[in-house]
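The structure under discussion appears below in the form of structure tokens.
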Amino acid sequence: MKTEHADLARTGRRGPDRDRISGEARYLLNNDEGYRWLVREAQVAAVSLDAGTTLARVADAARFAAGFHTGRFADGSIENLALHIGASLMDRRPAPFSSAKPSGRRRVLQFASHLARIGGHTRMLQNWIKYDPDSCHTVVVSSQGGRDVPASFIDAVSENGGHLEFLPEEAGLIEKSLRLRQLAREHADLVILHHDSSDVVPTVAFALDDLPPVAVLNHADFLFWLGSSVADFTINLRQSAADRRRQVPVEALLPVPLAESERHLSREKAREILGIPDNQVALLSIARAMKFLPSGGQNFVATAGRILDRDPRAHLYLVGARREDIRPGLGADPHERIHFVGPLDDPSAWRAAADIYLESFPFGSSTALLESTLFSLPVVRAYDSPCRLLVTDDDAIKEVVSSPVNEQGYIEQAVALIADADRRAAEGHALAARIRQQNMGPAWKRQLDEIYRLAEKTRHHPRRIAPTTLVISEEDIRLSNWMLRDQRGLPSLSGSGLDGNFLLHRIRTAREAGRYDIARRCAWKILTEKPLLPAAWRQLAASCAGR
């Protein structure tokens with residue numbers, strides 16, 4: 001595949017006729033087209049408009065690239081614009097960066113775009129702070145938007161003796177960047193970025209070299225993100241995230257820090273609370289609803305139904321998903337013994353009550369799986385993911401549990417665990433012991449200390465990164481195809497050669513890129529064949545309204 005499209009990958013032009021390109025590759029090519037339009041808009045703004053507008057357009061392009069994979073993971077074409085703005089900003093400098101430590105402790109500034117109430121990233125940062133009393137942690141948040149912060153996170157920062165600061169919501173990108181720069185000068189020996197993919201604030205803030213070293217925590221390792229130009233090194237959470245075309249010269253590894261649940265329930269007590277009979281074999285999966293949506297021939301809910309058909313004692317509980325969130329994309333009603341629990345702040349009771357953990361696919365939830373292993377649950381890992389970065393493949397997991405090669409293997413692993421309680425206990429305890437060894441306690445702290453030693457010998461060095469063009473590899477094609485998971489629904493239009501799903505995707509990406517003319521033309525193409533199709537009329541109306 002890479003050879004066939006070498007000319008297109010090199011030039012960014014169409015190259016071979018689209019008819020010769022597989023249906024899946026067409027989506028990637030379409031994404032590239034929309035992205036390059038947004039890049040041009042940002043470049044025009046850099047020449048003729050103000051810095052704030054330019055940064056907003058850089059963010060728009062990065063947001064598009066993260067939401068619709070474009071065969072890139074970083075790109076100097078947009079990032080260098082933000083870097084240049086940051087380097088030219090005049091800021092009030094209280095003093096040059098100093099490594100003095102008044103408290104005698106290392107000073108770590110943790111920057112996040114937002115802190116989520118539900119999800120693994122906020123808990124990961126909370127555990128880092130909790131396990132690192134030798135450092136004083138300042139947490140700076142750029143765009144919380146009034147969302148609640150978990151009380152446990154606030155407590156962790158307070159108990160550490162650190163500080164939590166929210167940048168003003170009403171402030172512009174430049175004002176936020178200058179404030180972050182000032183805080184780094186005053187309160188940091190090391191800056192760790194946990195930012196969203198399209199957040200330009202860190203790139204602007206750290207565009208000067210008289211600042212502490214900066215590391216990007218690569219929590220979105222399957223997505224495009226900004227920040228490579230100011231990152232002195234990346235911190236990967238697993239080996240497979242290394243060397244992802246990020247243009248960051250140095251990489252380090254730090255497993256996800258985990259903590260034991262503060263809610264200690266026995267299996268019996270948890271089942272009594274949740275109303276689960278003692279003789280039931282309870283299967284559990286925890287993820288946001290979008291991670292269960294079918295894609296590329298994989299349908300987690302349908303596969304789970306086949307597992308349940310093999311043993312009447314088995315029930316599956318989906319925490320994080322409501323039935324109405326995923327039912328439209330399933331194609332059939334879920335199995336009667338699949339129970340949709342919905343989002344929960346604390347799913348520990350369900351973990352305590354469960355017998356087996358099933359990893360969701362095509363998109364896994366790594367932190368949820370790792371936390372579930374601490375309850376000594378055996379795990380069935382996802383099979384044949386479109387991209388290994390979409391599922392759990394941490395080293396400790398791979399050492400204990402093999403990944404099924406196909407759907408049938410996934411089913412057979414689950415059925416074998418349902419049938420054998422002794423096997424469940426043995427595999428669950430072995431996995432829990434290995435995860436505790438790597439992701440908790442002294443072993444994890446030693447790996448964190450390696451990160452700090454690297455930072456101590458690193459000087460901050462912002463630099464321009466190379467512009468990148470579309471890369472068409474099998475993994476890039478599959479990753480772009482997975483991102484279509486919530487865009488299915490239009491049929492192939494018989495006799496016309498038109499693919500409704502592709503046209504729907506083209507409309508959506510055109511609208512995201514501001515190309516409403518293209519969106520309108522695609523909607524009209526559908527309507528010439530299916531004039532009574534409501535979805536096409538909705539898309540046409542939205543495109544005509546310019547939204």
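Residue numbering restarts at 1 in every chain; chains get A, B, ... in the order shown in the structure tokens, and ligands count up from 1 in that same order.
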
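Residues surrounding Leu223 in chain A within 9 Å are Ala65, Ala66, Gly67, His69, Arg72, Phe73 and Ser197 of chain A [only C-alpha atoms; sequence separation below 6 positions excluded].
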
Could you save those same residues with C-alpha atoms as a PDB file, in the first residue's frame?
```pdb
ATOM      1  CA  ALA A  65      -6.349  16.228  12.312  1.00  0.00           C
ATOM      2  CA  ALA A  66      -7.086  14.642  15.692  1.00  0.00           C
ATOM      3  CA  GLY A  67     -10.715  13.926  14.841  1.00  0.00           C
ATOM      4  CA  HIS A  69      -6.833  10.965  10.906  1.00  0.00           C
ATOM      5  CA  ARG A  72       0.128  12.608  10.341  1.00  0.00           C
ATOM      6  CA  PHE A  73       0.902  12.715  14.050  1.00  0.00           C
ATOM      7  CA  SER A 197      -4.342  17.542  20.971  1.00  0.00           C
TER       8      SER A 197
END
```

### Message
Among range 256-452 of chain A, which ones does DSSP assign to strand (DSSP E or B) (computed from the backbone)? Answer as a list in words.
### Response
Val281, Ala282, Leu283, Leu284, Ser285, Ile286, Ser295, Gln298, Ala314, His315, Leu316, Tyr317, Leu318, Val319, Ile338, His339, Phe340, Val341, Gly342, Ile356, Tyr357, Leu358, Val379 and Val380 of chain A

For the residues in that selection, give me C-alpha atoms as a compact mmCIF listing (two decimals), in the first residue's frame.
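Written out: again-v1.txt:
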```txt
# COMPACT_ATOMS: atom_id res chain seq x y z
CA VAL A 281 -20.87 -15.58 36.09
CA ALA A 282 -20.54 -11.82 35.77
CA LEU A 283 -18.56 -10.43 32.85
CA LEU A 284 -17.57 -6.76 32.99
CA SER A 285 -16.38 -4.14 30.50
CA ILE A 286 -15.80 -0.46 31.31
CA SER A 295 -16.20 -0.40 13.13
CA GLN A 298 -15.79 -5.56 14.56
CA ALA A 314 -23.14 -15.64 32.00
CA HIS A 315 -24.23 -12.00 32.05
CA LEU A 316 -22.30 -8.97 30.77
CA TYR A 317 -22.36 -5.55 32.45
CA LEU A 318 -21.27 -2.54 30.40
CA VAL A 319 -20.21 0.34 32.67
CA ILE A 338 -26.18 -7.59 28.31
CA HIS A 339 -26.88 -4.93 30.93
CA PHE A 340 -26.10 -1.26 30.26
CA VAL A 341 -25.05 0.37 33.51
CA GLY A 342 -24.13 3.83 32.18
CA ILE A 356 -14.10 -11.78 34.18
CA TYR A 357 -13.09 -8.55 32.45
CA LEU A 358 -13.67 -8.21 28.69
CA VAL A 379 -8.82 -10.43 31.30
CA VAL A 380 -9.77 -11.20 27.70
```

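When only C-alpha atoms are used to compute distances to Gly86 in chain A, the closest of the residues A:Ala46, A:Ala270, A:Leu164, A:Ala205 turns out to be A:Ala205.
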
### Query
Leaving out Thr458 in chain A and any residue of its chain fewer than 2 positions from it, which residues lie within 12 Å of it when counting only C-alpha atoms, given as an MDAnalysis selection string?
chainID A and resid 189:191 209 211:215 231:233 249:250 451:456 460:461

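Atom pair CA of Leu374 in chain A / CA of Glu359 in chain A: separated by 14.9 Å.
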
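From CA of Glu79 in chain A back to CA of Ala207 in chain A, the distance works out to 10.9 Å.
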
### Task
List the neighbours of Ala188 in chain A out to 12 Å using only C-alpha atoms; skip same-chain residues closer than 3 positions along the sequence, and give me the result as a PyMOL selection string.
chain A and resi 96-102+105-111+135-140+162-163+180-185+191-192+211-214+455

### Query
Neighbours of Ser266 in chain A within 10 Å (only C-alpha atoms; same-chain residues fewer than 4 positions away dropped), as a ChimeraX atom specification?
/A:270-272,349,352-353

Output file for the selection above: C-alpha atoms, as a PDB file, in the first residue's frame:
```pdb
ATOM      1  CA  ALA A 270     -20.818  -6.171  46.171  1.00  0.00           C
ATOM      2  CA  ARG A 271     -23.234  -8.681  44.626  1.00  0.00           C
ATOM      3  CA  GLU A 272     -25.728  -8.101  47.402  1.00  0.00           C
ATOM      4  CA  ALA A 349     -18.480  -2.258  43.284  1.00  0.00           C
ATOM      5  CA  ALA A 352     -15.611  -6.421  43.101  1.00  0.00           C
ATOM      6  CA  ALA A 353     -18.700  -8.312  41.935  1.00  0.00           C
TER       7      ALA A 353
END
```

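Proximity of A:Glu260, A:Asp384, A:Asp155, A:Glu512 to Arg478 in chain A, computed with only C-alpha atoms, is greatest for A:Asp384.
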
### Task
Identify, with DSSP run on backbone atoms, the residues in range 296-523 of chain A assigned to helix (DSSP H, G or I), and express the list as number ranges by chain.
A: 300-309, 323-329, 348-353, 366-373, 388-390, 395-400, 407-419, 421-439, 441-456, 474-482, 500-512, 516-523

## Note on the structure
The residue from A:Val401, A:Ile174, A:Leu479, A:Ala419 with the smallest atom-to-atom distance to Phe363 in chain A, counting only C-alpha atoms, is A:Leu479
